[in-house]
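Inspection log for the structure reproduced underneath, given as structure tokens.
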Amino acid sequence: MPPRAAVSNLFAVVVAAVAWPTLLLQYWLTVWSGPLGEVTVRYFSFFTILSNLLVALVAAAAATGGNWAPLRFLRGPRVRGLAALSITVTCAIYATLLQSLWHPLGPQLVADRSLHYVVPALYVFWWAVLLPHGTLVWRDALRWLGFPLLFAVWTFLRGAVVHEYPYPFMDVNRLGYPTVLLNAALVGLLFLVLGLGFVALDRVLGRRLATVR
């Protein structure tokens with residue numbers, strides 16, 4: 001195995017070793033707040049959890065290797081790019097809109113900072129510095145919008161039933177649909193702009209790696 005690939009696989013182990021325990025810690029902290037089924041659905045209804053789960057799966061697939069079809073899918077450049085984009089949006093929105101709204105302590109503080117800062121930093125570093133580049137195309141930025149779109153649809157459907165929303169800017173009960181849909185559109189625009197940025201970066205890094213070789 002080439003030295004760069006070996007270092008990349010080793011760093012994937014590091015990312016997975018941080019992401020998975022953090023997800024489990026957050027679930028353990030959440031599981032005491034109500035009936036197990038209800039709590040589990042609520043847990044997976046946060047984009048923070050979904051984006052970190054995607055990162056954990058992608059890193060684990062890289063760390064374990066093998067030819068099992070799901071692992072090959074998770075090792076694809078578009079899935080890796082989607083994970084980088086999603087975890088970056090998670091970090092950006094939390095840092096700018098959500099962090100000031102609550103003040104976790106103890107184990108919750110550890111989980112909070114890891115989910116929103118440590119895992120994003122580790123994964124984006126791995127993606128940018130250690131993974132191969134040059135295969136993404138501009139259309140990928142549009143394809144990646146499917147992930148937040150599905151999340152938004154699920155959030156509105158679930159919210160219509162249980163009258164609960166994962167984030168204040170998506171709270172239809174308090175803000176109403178016009179404001180919430182505008183907020184969702186702005187987040188979608190952020191996804192698109194950052195997605196185009198990740199594609200551009202991938203193309204630049206791909207050309208640089210080709211020149212080095």
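Convention: chains lettered A, B, ... in structure tokens order; per-chain residue numbering from 1; ligands numbered from 1 as shown.
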
>> Using only C-alpha atoms, which protein or nucleic acid residues come within 10 Å of Pro21 (chain A)? Drop anything in the same chain fewer than 6 positions from it, and give the result as a list in words.
In response: Tyr27, Ala56, Ala111 and Ser114 of chain A

Write out as a Markdown table the residues of region 155-202 of chain A that have any atom within 10 Å of an atom of region 38-54 of chain A, one row each with the nearest atom pair and its distance in Å to one decimal, counting only C-alpha atoms, sorted by chain and then rising number.
| residue | atom | partner | partner_atom | distance |
| --- | --- | --- | --- | --- |
| A:Thr155 | CA | A:Ser45 | CA | 7.0 |
| A:Arg158 | CA | A:Ser45 | CA | 8.8 |
| A:Glu164 | CA | A:Arg42 | CA | 9.1 |
| A:Tyr165 | CA | A:Ser45 | CA | 8.5 |
| A:Pro166 | CA | A:Phe46 | CA | 5.8 |
| A:Tyr167 | CA | A:Phe46 | CA | 8.1 |

Create the file for the chosen residues now, containing N, CA, C and O atoms and written as a compact mmCIF listing (two decimals), in the first residue's frame.
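Listing of part34.txt after writing:
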# COMPACT_ATOMS: atom_id res chain seq x y z
N THR A 155 -38.70 16.26 8.64
CA THR A 155 -38.92 17.16 9.77
C THR A 155 -40.33 17.72 9.76
O THR A 155 -41.01 17.77 10.80
N ARG A 158 -42.94 14.75 10.42
CA ARG A 158 -42.92 14.37 11.83
C ARG A 158 -43.47 15.49 12.70
O ARG A 158 -44.24 15.25 13.64
N GLU A 164 -43.23 18.80 17.19
CA GLU A 164 -41.89 18.97 17.75
C GLU A 164 -40.91 19.11 16.59
O GLU A 164 -41.00 18.38 15.60
N TYR A 165 -39.98 20.04 16.72
CA TYR A 165 -39.03 20.31 15.63
C TYR A 165 -37.62 20.34 16.22
O TYR A 165 -37.43 20.81 17.35
N PRO A 166 -36.63 19.87 15.47
CA PRO A 166 -35.29 19.70 16.05
C PRO A 166 -34.54 21.01 16.27
O PRO A 166 -33.68 21.07 17.14
N TYR A 167 -34.86 22.05 15.49
CA TYR A 167 -34.11 23.31 15.59
C TYR A 167 -35.07 24.49 15.64
O TYR A 167 -36.12 24.47 14.99

> Smallest atom-to-atom distance to Ala121 (chain A): which of A:Ala6, A:Leu105, A:Val14, A:Ala160, using only C-alpha atoms?
Replying inline: A:Val14

> Can you tell me, as a count of residues only, what residues are no more than 12 Å from Gly188 (chain A) when counting only C-alpha atoms, ignoring any on the same chain fewer than 4 positions away?
Replying inline: 24

> Of the candidates A:Pro178, A:Thr135, A:Phe191, A:Phe156, which shows the shortest atom-to-atom distance to Thr88 (chain A), using only C-alpha atoms?
Replying inline: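 Of all the options, A:Phe191 lies closest to Thr88 (chain A).
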
> Between A:Leu97, A:Leu196, A:Ile87, A:Ala60, which is the closest to Leu10 (chain A) once you count only C-alpha atoms?
Replying inline: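 Ranking A:Leu97, A:Leu196, A:Ile87, A:Ala60 by distance to Leu10 (chain A), first place goes to A:Ala60.
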
> Looking only at the backbone, which of the residues in region 58-208 of chain A does DSSP tag as alpha helix (DSSP H), as JSON, numbers by chain?
Replying inline: {"A": [58, 59, 60, 61, 62, 63, 64, 69, 70, 71, 72, 73, 74, 77, 78, 79, 80, 81, 82, 83, 84, 85, 86, 87, 88, 89, 90, 91, 92, 93, 106, 107, 108, 109, 110, 111, 112, 113, 119, 120, 121, 122, 123, 124, 125, 139, 140, 141, 142, 143, 146, 147, 148, 149, 150, 151, 152, 153, 154, 155, 156, 157, 158, 159, 160, 161, 162, 172, 173, 174, 175, 177, 178, 179, 180, 181, 182, 183, 184, 185, 186, 187, 188, 189, 190, 191, 192, 193, 194, 195, 196, 197, 198, 199, 200, 201, 202, 203, 204, 205, 206, 207, 208]}

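Interatomic distance, CA of Ala5 (chain A) against CA of Tyr117 (chain A): 25.2 Å.
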